[in-house]
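Shown below: query20.cif, with mmCIF, C-alpha atoms.
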data_work
loop_
_atom_site.label_atom_id
_atom_site.label_comp_id
_atom_site.auth_asym_id
_atom_site.auth_seq_id
_atom_site.Cartn_x
_atom_site.Cartn_y
_atom_site.Cartn_z
CA MET A 1 44.50 16.26 22.54
CA ALA A 2 46.28 12.95 23.28
CA ALA A 3 43.40 11.96 25.56
CA ASP A 4 40.95 12.93 22.83
CA THR A 5 42.83 10.82 20.28
CA ARG A 6 42.88 7.84 22.60
CA HIS A 7 39.20 8.29 23.28
CA PHE A 8 38.48 8.40 19.55
CA ALA A 9 40.50 5.22 18.97
CA GLU A 10 38.54 3.48 21.71
CA GLU A 11 35.26 4.57 20.24
CA LEU A 12 36.31 3.31 16.80
CA GLU A 13 37.20 -0.03 18.37
CA GLU A 14 33.80 -0.18 20.09
CA LEU A 15 32.13 0.64 16.79
CA LYS A 16 33.91 -2.31 15.15
CA GLN A 17 32.76 -4.62 17.94
CA ARG A 18 29.15 -3.48 17.59
CA LEU A 19 29.27 -4.00 13.83
CA LEU A 20 30.60 -7.54 14.35
CA ALA A 21 27.81 -8.14 16.87
CA MET A 22 25.28 -6.92 14.28
CA GLY A 23 26.79 -9.33 11.74
CA GLY A 24 26.62 -12.19 14.23
CA LEU A 25 22.98 -11.43 15.01
CA ALA A 26 21.94 -11.26 11.35
CA GLU A 27 23.84 -14.47 10.62
CA GLU A 28 22.22 -16.28 13.53
CA ARG A 29 18.76 -15.37 12.28
CA VAL A 30 19.54 -16.84 8.85
CA ARG A 31 20.84 -20.01 10.53
CA THR A 32 17.69 -20.31 12.66
CA ALA A 33 15.46 -19.91 9.60
CA LEU A 34 17.32 -22.69 7.77
CA ARG A 35 17.22 -24.91 10.86
CA GLY A 36 13.46 -24.39 10.99
CA LEU A 37 13.20 -25.40 7.33
CA VAL A 38 15.30 -28.56 7.67
CA ALA A 39 13.74 -29.65 10.98
CA ARG A 40 10.24 -28.67 9.74
CA ASP A 41 9.95 -26.67 12.97
CA ARG A 42 7.40 -23.87 12.58
CA ALA A 43 8.16 -22.46 16.03
CA LEU A 44 11.70 -21.60 14.90
CA LEU A 45 10.37 -19.95 11.74
CA LEU A 46 7.84 -17.86 13.64
CA GLU A 47 10.61 -16.81 16.03
CA VAL A 48 12.55 -15.41 13.05
CA ILE A 49 9.49 -13.86 11.37
CA GLY A 50 8.40 -12.03 14.53
CA GLY A 51 11.79 -11.17 15.98
CA ASP A 52 13.71 -8.53 14.06
CA GLN A 53 13.54 -5.87 16.80
CA ALA A 54 17.04 -6.67 18.09
CA VAL A 55 18.65 -6.27 14.65
CA ASN A 56 16.73 -3.06 13.99
CA ALA A 57 17.63 -1.60 17.38
CA LEU A 58 21.30 -2.43 16.85
CA GLN A 59 21.20 -0.83 13.40
CA VAL A 60 19.89 2.42 14.87
CA GLU A 61 22.49 2.30 17.64
CA ILE A 62 25.37 1.79 15.17
CA ASP A 63 24.16 4.56 12.84
CA ASP A 64 23.92 6.82 15.84
CA ARG A 65 27.47 6.03 16.97
CA CYS A 66 28.68 6.85 13.45
CA PHE A 67 26.92 10.21 13.35
CA LYS A 68 28.26 11.12 16.77
CA LEU A 69 31.83 10.16 15.83
CA LEU A 70 31.57 12.22 12.63
CA ALA A 71 30.05 15.21 14.38
CA LEU A 72 32.24 15.29 17.48
CA HIS A 73 35.62 14.25 16.12
CA GLN A 74 35.43 15.44 12.50
CA PRO A 75 37.80 12.65 11.47
CA MET A 76 40.07 12.90 8.45
CA ALA A 77 40.49 10.81 5.30
CA VAL A 78 40.95 7.18 6.37
CA ASP A 79 38.80 7.32 9.50
CA LEU A 80 36.14 9.25 7.63
CA ARG A 81 35.90 6.58 4.95
CA PHE A 82 35.88 3.89 7.59
CA ILE A 83 32.97 5.41 9.50
CA VAL A 84 30.90 6.15 6.42
CA SER A 85 31.55 2.57 5.28
CA VAL A 86 30.20 1.34 8.61
CA VAL A 87 26.93 3.16 7.84
CA LYS A 88 26.75 1.38 4.47
CA ILE A 89 27.72 -2.04 5.85
CA ASN A 90 25.25 -1.57 8.69
CA SER A 91 22.47 -1.23 6.15
CA ASP A 92 23.74 -4.33 4.31
CA LEU A 93 23.53 -6.27 7.58
CA GLU A 94 20.07 -4.98 8.35
CA ARG A 95 18.97 -6.33 4.95
CA VAL A 96 20.54 -9.70 5.74
CA GLY A 97 18.27 -9.66 8.79
CA ASP A 98 15.32 -8.92 6.48
CA LEU A 99 16.38 -11.79 4.22
CA ALA A 100 16.29 -14.12 7.24
CA VAL A 101 12.62 -13.11 7.60
CA ASN A 102 12.02 -13.71 3.85
CA ILE A 103 13.63 -17.15 4.15
CA ALA A 104 11.53 -18.02 7.19
CA GLU A 105 8.34 -16.87 5.40
CA ALA A 106 9.11 -18.98 2.30
CA ALA A 107 10.02 -21.95 4.56
CA ASP A 108 6.71 -21.55 6.38
CA ARG A 109 4.80 -21.68 3.06
CA TYR A 110 6.93 -24.68 2.04
CA LEU A 111 5.98 -26.59 5.20
CA ALA A 112 2.30 -26.43 4.23
CA HIS A 113 3.08 -29.14 1.63
CA PRO A 114 4.60 -32.63 1.68
CA PRO A 115 8.43 -32.50 1.45
CA VAL A 116 9.92 -32.15 -2.04
CA GLU A 117 12.30 -35.00 -2.84
CA ALA A 118 15.18 -33.38 -4.72
CA ARG A 119 18.96 -33.54 -4.47
CA ILE A 120 19.54 -29.96 -3.42
CA ASP A 121 21.51 -28.63 -0.48
CA LEU A 122 20.21 -25.34 0.85
CA THR A 123 22.10 -25.90 4.10
CA ARG A 124 25.36 -25.86 2.13
CA MET A 125 24.27 -22.67 0.34
CA GLY A 126 23.48 -21.20 3.74
CA ALA A 127 26.89 -22.21 5.10
CA VAL A 128 28.71 -20.63 2.12
CA SER A 129 26.74 -17.38 2.30
CA GLN A 130 27.23 -17.09 6.06
CA ARG A 131 30.94 -17.80 5.78
CA MET A 132 31.21 -15.09 3.11
CA LEU A 133 29.46 -12.62 5.36
CA ARG A 134 31.63 -13.45 8.38
CA GLU A 135 34.87 -13.26 6.38
CA ALA A 136 33.80 -10.01 4.71
CA LEU A 137 33.24 -8.43 8.12
CA ASP A 138 36.56 -9.79 9.42
CA ALA A 139 38.26 -8.40 6.30
CA PHE A 140 36.64 -5.05 7.06
CA VAL A 141 37.66 -4.74 10.68
CA GLN A 142 41.19 -5.99 9.90
CA ALA A 143 41.53 -4.02 6.62
CA ASP A 144 42.54 -7.35 5.01
CA THR A 145 42.18 -7.11 1.21
CA ALA A 146 43.44 -10.68 0.62
CA LEU A 147 40.52 -11.99 2.67
CA ALA A 148 38.17 -9.60 0.84
CA HIS A 149 39.32 -11.07 -2.49
CA GLU A 150 38.64 -14.58 -1.10
CA VAL A 151 35.07 -13.50 -0.40
CA LEU A 152 34.62 -12.29 -3.98
CA LYS A 153 35.78 -15.70 -5.27
CA GLN A 154 33.31 -17.56 -3.09
CA ASP A 155 30.48 -15.62 -4.70
CA ASP A 156 31.01 -17.67 -7.87
CA VAL A 157 30.63 -20.86 -5.84
CA LEU A 158 27.39 -19.56 -4.38
CA ASP A 159 26.08 -18.57 -7.81
CA ALA A 160 26.87 -22.02 -9.18
CA LEU A 161 25.07 -23.67 -6.25
CA LYS A 162 22.04 -21.46 -6.85
CA ASP A 163 21.93 -22.31 -10.57
CA GLN A 164 22.26 -26.01 -9.82
CA THR A 165 19.47 -25.79 -7.21
CA PHE A 166 17.29 -24.00 -9.74
CA ARG A 167 17.83 -26.62 -12.48
CA THR A 168 17.24 -29.54 -10.11
CA LEU A 169 14.00 -28.06 -8.77
CA LEU A 170 12.82 -27.19 -12.27
CA ALA A 171 13.28 -30.84 -13.33
CA THR A 172 11.40 -31.95 -10.20
CA MET A 173 8.47 -29.64 -10.97
CA LEU A 174 8.32 -30.79 -14.58
CA ALA A 175 8.32 -34.43 -13.48
CA ASP A 176 5.60 -33.90 -10.86
CA PRO A 177 3.44 -30.76 -10.98
CA ARG A 178 2.28 -31.40 -7.39
CA THR A 179 5.74 -30.18 -6.33
CA ILE A 180 5.39 -26.83 -8.12
CA GLU A 181 4.11 -24.80 -5.20
CA PRO A 182 6.54 -26.04 -2.52
CA ALA A 183 9.49 -26.11 -4.95
CA ILE A 184 8.98 -22.45 -5.89
CA ASN A 185 9.48 -21.59 -2.24
CA LEU A 186 12.76 -23.52 -2.23
CA ILE A 187 13.85 -21.58 -5.34
CA LEU A 188 13.05 -18.33 -3.52
CA ILE A 189 15.07 -19.44 -0.49
CA ALA A 190 18.04 -20.19 -2.76
CA ARG A 191 17.69 -16.66 -4.21
CA HIS A 192 17.57 -15.13 -0.75
CA LEU A 193 20.75 -16.99 0.23
CA GLU A 194 22.42 -15.77 -2.96
CA ARG A 195 21.49 -12.22 -1.99
CA ILE A 196 23.21 -12.68 1.37
CA GLY A 197 26.30 -13.49 -0.68
CA ASP A 198 25.70 -10.27 -2.64
CA HIS A 199 25.69 -8.27 0.58
CA ALA A 200 28.93 -9.97 1.65
CA THR A 201 30.34 -9.03 -1.76
CA ASN A 202 29.34 -5.38 -1.21
CA VAL A 203 31.21 -5.39 2.09
CA ALA A 204 34.29 -7.01 0.51
CA GLU A 205 34.28 -4.39 -2.26
CA ASP A 206 34.11 -1.63 0.37
CA VAL A 207 37.16 -3.14 2.08
CA ILE A 208 39.17 -3.17 -1.15
CA PHE A 209 38.03 0.36 -1.91
CA ILE A 210 39.01 1.74 1.51
CA VAL A 211 42.38 0.00 1.72
CA ASN A 212 43.30 0.97 -1.85
CA ALA A 213 42.38 4.59 -1.11
CA MET A 214 44.72 4.38 1.90
CA ASP A 215 47.46 2.92 -0.32
CA VAL A 216 47.01 5.61 -2.94
CA ARG A 217 47.32 8.27 -0.25
CA HIS A 218 50.33 6.54 1.25
CA HIS A 219 52.08 6.45 -2.10
CA ALA A 220 51.29 10.10 -2.69
CA ALA A 221 52.72 10.92 0.76
CA ASP A 222 55.88 8.90 0.01
CA ALA A 223 56.31 10.67 -3.32
CA SER A 224 55.99 14.14 -1.83
CA ALA A 225 58.33 13.21 1.03
CA GLY A 226 60.98 11.83 -1.38
CA MET B 1 33.43 32.36 5.66
CA ALA B 2 30.32 33.62 3.83
CA ALA B 3 31.90 32.66 0.50
CA ASP B 4 32.75 29.26 1.92
CA THR B 5 29.17 28.77 3.12
CA ARG B 6 27.78 29.76 -0.26
CA HIS B 7 30.22 27.41 -1.95
CA PHE B 8 29.15 24.57 0.38
CA ALA B 9 25.46 25.26 -0.37
CA GLU B 10 26.18 25.14 -4.09
CA GLU B 11 28.01 21.85 -3.75
CA LEU B 12 25.14 20.38 -1.74
CA GLU B 13 22.75 21.48 -4.48
CA GLU B 14 24.96 19.86 -7.13
CA LEU B 15 25.07 16.69 -5.05
CA LYS B 16 21.26 16.60 -5.01
CA GLN B 17 21.16 17.00 -8.77
CA ARG B 18 23.65 14.18 -9.31
CA LEU B 19 21.66 11.91 -7.00
CA LEU B 20 18.49 12.66 -8.97
CA ALA B 21 20.41 11.92 -12.19
CA MET B 22 21.51 8.60 -10.69
CA GLY B 23 17.88 7.82 -9.82
CA GLY B 24 16.77 8.73 -13.34
CA LEU B 25 19.42 6.49 -14.88
CA ALA B 26 18.58 3.48 -12.69
CA GLU B 27 14.88 3.99 -13.39
CA GLU B 28 15.43 4.19 -17.12
CA ARG B 29 17.30 0.89 -17.13
CA VAL B 30 14.40 -0.82 -15.36
CA ARG B 31 12.01 0.67 -17.90
CA THR B 32 14.15 -0.51 -20.82
CA ALA B 33 14.29 -4.05 -19.38
CA LEU B 34 10.50 -4.17 -19.07
CA ARG B 35 10.06 -2.74 -22.57
CA GLY B 36 12.35 -5.49 -23.87
CA LEU B 37 10.20 -8.07 -22.09
CA VAL B 38 6.88 -6.77 -23.40
CA ALA B 39 8.13 -6.15 -26.97
CA ARG B 40 10.08 -9.46 -26.90
CA ASP B 41 13.07 -7.39 -28.03
CA ARG B 42 16.32 -9.14 -27.08
CA ALA B 43 18.45 -6.22 -28.27
CA LEU B 44 16.96 -4.02 -25.54
CA LEU B 45 17.59 -6.69 -22.91
CA LEU B 46 21.21 -7.16 -23.97
CA GLU B 47 21.65 -3.39 -23.84
CA VAL B 48 20.58 -3.45 -20.16
CA ILE B 49 22.59 -6.59 -19.32
CA GLY B 50 25.83 -5.22 -20.79
CA GLY B 51 25.44 -1.57 -19.90
CA ASP B 52 25.79 -0.81 -16.21
CA GLN B 53 29.02 1.20 -16.53
CA ALA B 54 27.23 4.57 -16.48
CA VAL B 55 25.37 3.78 -13.24
CA ASN B 56 28.53 2.43 -11.61
CA ALA B 57 30.60 5.44 -12.68
CA LEU B 58 27.96 7.82 -11.34
CA GLN B 59 27.84 5.90 -8.05
CA VAL B 60 31.61 6.32 -7.60
CA GLU B 61 31.37 10.01 -8.50
CA ILE B 62 28.59 10.65 -5.98
CA ASP B 63 30.39 8.75 -3.19
CA ASP B 64 33.46 10.78 -3.96
CA ARG B 65 31.58 14.08 -3.77
CA CYS B 66 30.20 13.03 -0.38
CA PHE B 67 33.63 12.18 1.02
CA LYS B 68 35.08 15.46 -0.22
CA LEU B 69 32.22 17.46 1.28
CA LEU B 70 32.63 15.67 4.62
CA ALA B 71 36.41 16.06 4.63
CA LEU B 72 36.65 19.66 3.42
CA HIS B 73 33.65 21.28 5.10
CA GLN B 74 33.21 19.11 8.20
CA PRO B 75 29.50 19.89 8.19
CA MET B 76 27.36 19.84 11.31
CA ALA B 77 24.29 17.86 12.36
CA VAL B 78 21.65 18.26 9.64
CA ASP B 79 24.07 18.55 6.70
CA LEU B 80 26.10 15.66 8.06
CA ARG B 81 23.06 13.40 8.18
CA PHE B 82 22.04 14.54 4.72
CA ILE B 83 25.42 13.71 3.17
CA VAL B 84 25.75 10.34 4.90
CA SER B 85 22.20 9.56 3.76
CA VAL B 86 23.24 10.34 0.19
CA VAL B 87 25.92 7.64 0.49
CA LYS B 88 23.27 5.15 1.64
CA ILE B 89 20.71 6.16 -0.99
CA ASN B 90 23.40 6.06 -3.64
CA SER B 91 23.99 2.40 -2.84
CA ASP B 92 20.23 1.76 -2.95
CA LEU B 93 20.14 3.27 -6.43
CA GLU B 94 23.13 1.24 -7.58
CA ARG B 95 21.23 -1.89 -6.53
CA VAL B 96 18.19 -0.76 -8.48
CA GLY B 97 20.56 -0.65 -11.46
CA ASP B 98 21.62 -4.23 -10.63
CA LEU B 99 17.97 -5.25 -10.40
CA ALA B 100 17.44 -3.87 -13.92
CA VAL B 101 20.13 -6.35 -15.04
CA ASN B 102 18.44 -9.18 -13.09
CA ILE B 103 15.11 -8.31 -14.73
CA ALA B 104 16.69 -8.25 -18.19
CA GLU B 105 18.38 -11.63 -17.56
CA ALA B 106 15.13 -13.25 -16.42
CA ALA B 107 13.31 -11.67 -19.38
CA ASP B 108 15.95 -13.07 -21.72
CA ARG B 109 15.43 -16.59 -20.33
CA TYR B 110 11.67 -16.06 -20.58
CA LEU B 111 11.92 -15.18 -24.29
CA ALA B 112 13.42 -18.61 -25.03
CA HIS B 113 9.89 -20.02 -24.57
CA PRO B 114 6.46 -19.40 -26.12
CA PRO B 115 4.62 -16.57 -24.33
CA VAL B 116 2.76 -17.46 -21.13
CA GLU B 117 -0.93 -16.57 -21.35
CA ALA B 118 -1.84 -15.21 -17.93
CA ARG B 119 -3.68 -12.17 -16.65
CA ILE B 120 -0.76 -10.48 -14.96
CA ASP B 121 0.51 -6.94 -15.35
CA LEU B 122 4.24 -6.60 -14.77
CA THR B 123 4.18 -3.24 -16.58
CA ARG B 124 1.85 -1.90 -13.90
CA MET B 125 4.12 -3.30 -11.17
CA GLY B 126 7.03 -1.59 -12.92
CA ALA B 127 5.14 1.70 -13.07
CA VAL B 128 4.29 1.57 -9.35
CA SER B 129 7.84 0.69 -8.30
CA GLN B 130 9.35 3.42 -10.48
CA ARG B 131 6.90 5.99 -9.23
CA MET B 132 7.77 5.03 -5.66
CA LEU B 133 11.45 5.45 -6.39
CA ARG B 134 11.00 8.83 -8.07
CA GLU B 135 8.76 10.16 -5.29
CA ALA B 136 11.12 8.86 -2.59
CA LEU B 137 14.00 10.77 -4.19
CA ASP B 138 11.85 13.89 -4.57
CA ALA B 139 10.84 13.55 -0.91
CA PHE B 140 14.53 13.32 -0.03
CA VAL B 141 15.76 16.37 -1.90
CA GLN B 142 12.76 18.41 -0.70
CA ALA B 143 12.78 16.99 2.87
CA ASP B 144 9.08 16.25 2.35
CA THR B 145 7.90 13.72 4.95
CA ALA B 146 4.28 13.73 3.70
CA LEU B 147 5.50 12.50 0.31
CA ALA B 148 7.75 9.96 2.05
CA HIS B 149 4.71 8.57 3.90
CA GLU B 150 2.87 8.32 0.54
CA VAL B 151 5.72 6.14 -0.72
CA LEU B 152 5.42 3.82 2.27
CA LYS B 153 1.70 3.39 1.56
CA GLN B 154 2.34 2.47 -2.08
CA ASP B 155 4.56 -0.38 -0.94
CA ASP B 156 1.43 -2.23 0.20
CA VAL B 157 -0.05 -1.83 -3.29
CA LEU B 158 3.13 -3.24 -4.81
CA ASP B 159 3.14 -6.18 -2.39
CA ALA B 160 -0.48 -6.97 -3.23
CA LEU B 161 0.31 -6.86 -6.98
CA LYS B 162 3.25 -9.20 -6.44
CA ASP B 163 1.13 -11.70 -4.45
CA GLN B 164 -1.60 -11.59 -7.10
CA THR B 165 0.98 -12.15 -9.87
CA PHE B 166 2.39 -15.08 -7.93
CA ARG B 167 -1.00 -16.75 -7.44
CA THR B 168 -2.03 -16.27 -11.08
CA LEU B 169 1.23 -17.72 -12.39
CA LEU B 170 1.05 -20.62 -9.96
CA ALA B 171 -2.42 -21.52 -11.27
CA THR B 172 -1.10 -21.25 -14.85
CA MET B 173 1.79 -23.61 -14.10
CA LEU B 174 -0.47 -26.11 -12.38
CA ALA B 175 -2.85 -26.06 -15.36
CA ASP B 176 -0.08 -26.49 -17.92
CA PRO B 177 3.36 -27.70 -16.81
CA ARG B 178 4.89 -26.51 -20.10
CA THR B 179 4.56 -23.00 -18.70
CA ILE B 180 6.61 -23.79 -15.57
CA GLU B 181 10.00 -22.65 -16.84
CA PRO B 182 8.95 -19.36 -18.45
CA ALA B 183 6.47 -18.56 -15.64
CA ILE B 184 9.18 -18.92 -12.97
CA ASN B 185 11.08 -16.17 -14.74
CA LEU B 186 8.00 -13.94 -14.59
CA ILE B 187 7.72 -14.66 -10.86
CA LEU B 188 11.36 -13.64 -10.44
CA ILE B 189 10.76 -10.42 -12.37
CA ALA B 190 7.82 -9.62 -10.08
CA ARG B 191 10.13 -10.19 -7.07
CA HIS B 192 12.79 -7.90 -8.55
CA LEU B 193 10.20 -5.16 -9.06
CA GLU B 194 9.04 -5.60 -5.48
CA ARG B 195 12.64 -5.13 -4.35
CA ILE B 196 12.81 -1.83 -6.23
CA GLY B 197 9.86 -0.83 -4.09
CA ASP B 198 11.84 -1.93 -1.02
CA HIS B 199 14.71 0.35 -2.00
CA ALA B 200 12.26 3.23 -2.47
CA THR B 201 10.93 2.39 1.01
CA ASN B 202 14.47 2.57 2.44
CA VAL B 203 14.89 6.03 0.95
CA ALA B 204 11.51 7.17 2.28
CA GLU B 205 12.42 5.92 5.76
CA ASP B 206 15.70 7.85 5.59
CA VAL B 207 13.74 11.01 4.73
CA ILE B 208 11.45 10.59 7.73
CA PHE B 209 14.44 9.83 9.94
CA ILE B 210 16.40 12.90 8.84
CA VAL B 211 13.50 15.34 9.02
CA ASN B 212 12.37 14.03 12.41
CA ALA B 213 15.92 14.36 13.74
CA MET B 214 15.79 17.99 12.57
CA ASP B 215 12.45 18.43 14.31
CA VAL B 216 13.68 16.90 17.53
CA ARG B 217 16.66 19.21 17.51
CA HIS B 218 14.46 22.20 16.75
CA HIS B 219 12.17 21.40 19.66
CA ALA B 220 15.14 20.97 21.99
CA ALA B 221 16.44 24.38 20.86
CA ASP B 222 13.00 25.95 21.44
CA ALA B 223 12.82 24.43 24.91
CA SER B 224 16.24 25.67 25.97
CA ALA B 225 15.51 29.11 24.53
CA GLY B 226 12.18 29.34 26.40
#
How does the structure come out when it is put into structure tokens?
Amino acid sequence: MAADTRHFAEELEELKQRLLAMGGLAEERVRTALRGLVARDRALLLEVIGGDQAVNALQVEIDDRCFKLLALHQPMAVDLRFIVSVVKINSDLERVGDLAVNIAEAADRYLAHPPVEARIDLTRMGAVSQRMLREALDAFVQADTALAHEVLKQDDVLDALKDQTFRTLLATMLADPRTIEPAINLILIARHLERIGDHATNVAEDVIFIVNAMDVRHHAADASAG
Amino acid sequence: MAADTRHFAEELEELKQRLLAMGGLAEERVRTALRGLVARDRALLLEVIGGDQAVNALQVEIDDRCFKLLALHQPMAVDLRFIVSVVKINSDLERVGDLAVNIAEAADRYLAHPPVEARIDLTRMGAVSQRMLREALDAFVQADTALAHEVLKQDDVLDALKDQTFRTLLATMLADPRTIEPAINLILIARHLERIGDHATNVAEDVIFIVNAMDVRHHAADASAG
């Protein structure tokens, strides 16, 4: 039984590491897509558009680990919520990988036109959304609600950046209709980056939910003990 | 034990019904948002924008039912996959509810301008995406992979409608820059409807995954028996 418990703890730890790896992979694909946009490098974009096998394979592997852990160890309360949350977060991360493809596709359409001159900063939006995602995952594996609340706050920053990007590009299009087609693709990229922030927000909310459920149970245990 | 099994079967059945109710609610909010757009009825849009409590409450209730079923009954293989899939699908449906809000917000911004004259059909896109969602949920509760494959096929139709909408609106904006601002909101609505189709696709893929896993297991059992 002690060996079984240790084994279970090890498998949970491995599961965390695989989930972080999945997050890192999804994040890297977003970064590559944005690098392709900024450097006007189609090869990078095509690499992202054609290369989501690794993310998809890792998603299947993680789901599979979760099902096996649930089936073999029949974990209780806290561990149960943790593992089911991994399934949910895993599907959030897979969609971040899909968003990287959407960004690369919009960037590829954008590159078919002369550059749009506008004071927008999609790289900054990308940095904020990726930081949110990384911190949300860290908050999850460390059960750190303070960090999860930080992530929720950053979502307002990201929203404001998206609105500002939208207004700037709208003014650009109105001033010069030749920019309409490329600028729409930049608006779509800003939306996709905002959605990455939404996925990070989902993860952060899961963290708060799980840890609070633990707290509630702990308090109940204290009360019945006292 | 027989009573316990019957009880478990009843609870699974109830879970299915609640998930279908969740789907119906999310779908209705999308329909209301589109009706508000077409009828230029701001009251309907504000109703959608301010009214996602019911969907959120139902999401929490369904998640809770899943955790209780997992914790109390420690179900095996097929039931385990089914319940964990409900958690995933539940979060897909909650996002469809969020998309209804996004559609209503874009429609509200659109209504601040004179109508855009363009041969597009967002109502048809809405009908296709909602049908996909409904059929995907039906496929799930009935474990019907043929219906799930139908849903995947319809996603191509929805994508084609979205591309056509995009091209038509782009031409409209290029012809008359005064339409840029309202038309962008129509493009965003088309994107949101496409994403509802993506969520339906996720559900359909889950169905195929679950039923195939059952099949694989059945074949393995046959082989070892023979």
Chain B contacts on chain A, only C-alpha atoms, 8 Å, as an NGL selection string: :A and (67 or 70-71 or 74-77 or 80-81 or 84 or 87-88 or 91 or 170 or 173-174 or 177-178 or 180-181 or 184)
Exercise: residues within 12 Å of coordinate (22.4, 25.4, 2.2), counting only C-alpha atoms, as a list in words: Ala2, Asp4, Thr5, Arg6, His7, Phe8, Ala9, Glu10, Glu11, Leu12, Glu13, Glu14, Leu15, Lys16, Pro75, Met76, Val78, Asp79, Leu80, Phe82 and Val141 of chain B
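When only C-alpha atoms are used to measure the gap to B:Val128, the shortest distance among B:Gly197, B:Gly23, B:Gly51, B:Pro115 belongs to B:Gly197.
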Pick from A:Leu25, A:Val30, A:Val38, A:Leu69 nearest to A:Ile103, counting only C-alpha atoms: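 Among the listed residues, the smallest separation from A:Ile103 belongs to A:Val30.
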Neighbour residues at most 10 Å from (3.2, 7.7, -1.6) (all atoms listed in the file) as number ranges by chain: B: 128, 131-133, 135-136, 139, 146-155, 201, 204
Residue among B:Glu105, B:Glu194, B:Asp163, B:Asp121 lying closest to B:Leu46, counting all atoms listed in the file: B:Glu105
Set up a box along x, y and z of the file covering all listed atoms of stretch 50-67 of chain B, add 5 Å on every one of the six sides, and write the centre and edge lengths in Å to one decimal, as JSON.
{"center_x": 29.5, "center_y": 4.4, "center_z": -9.9, "size_x": 18.3, "size_y": 29.3, "size_z": 31.8}
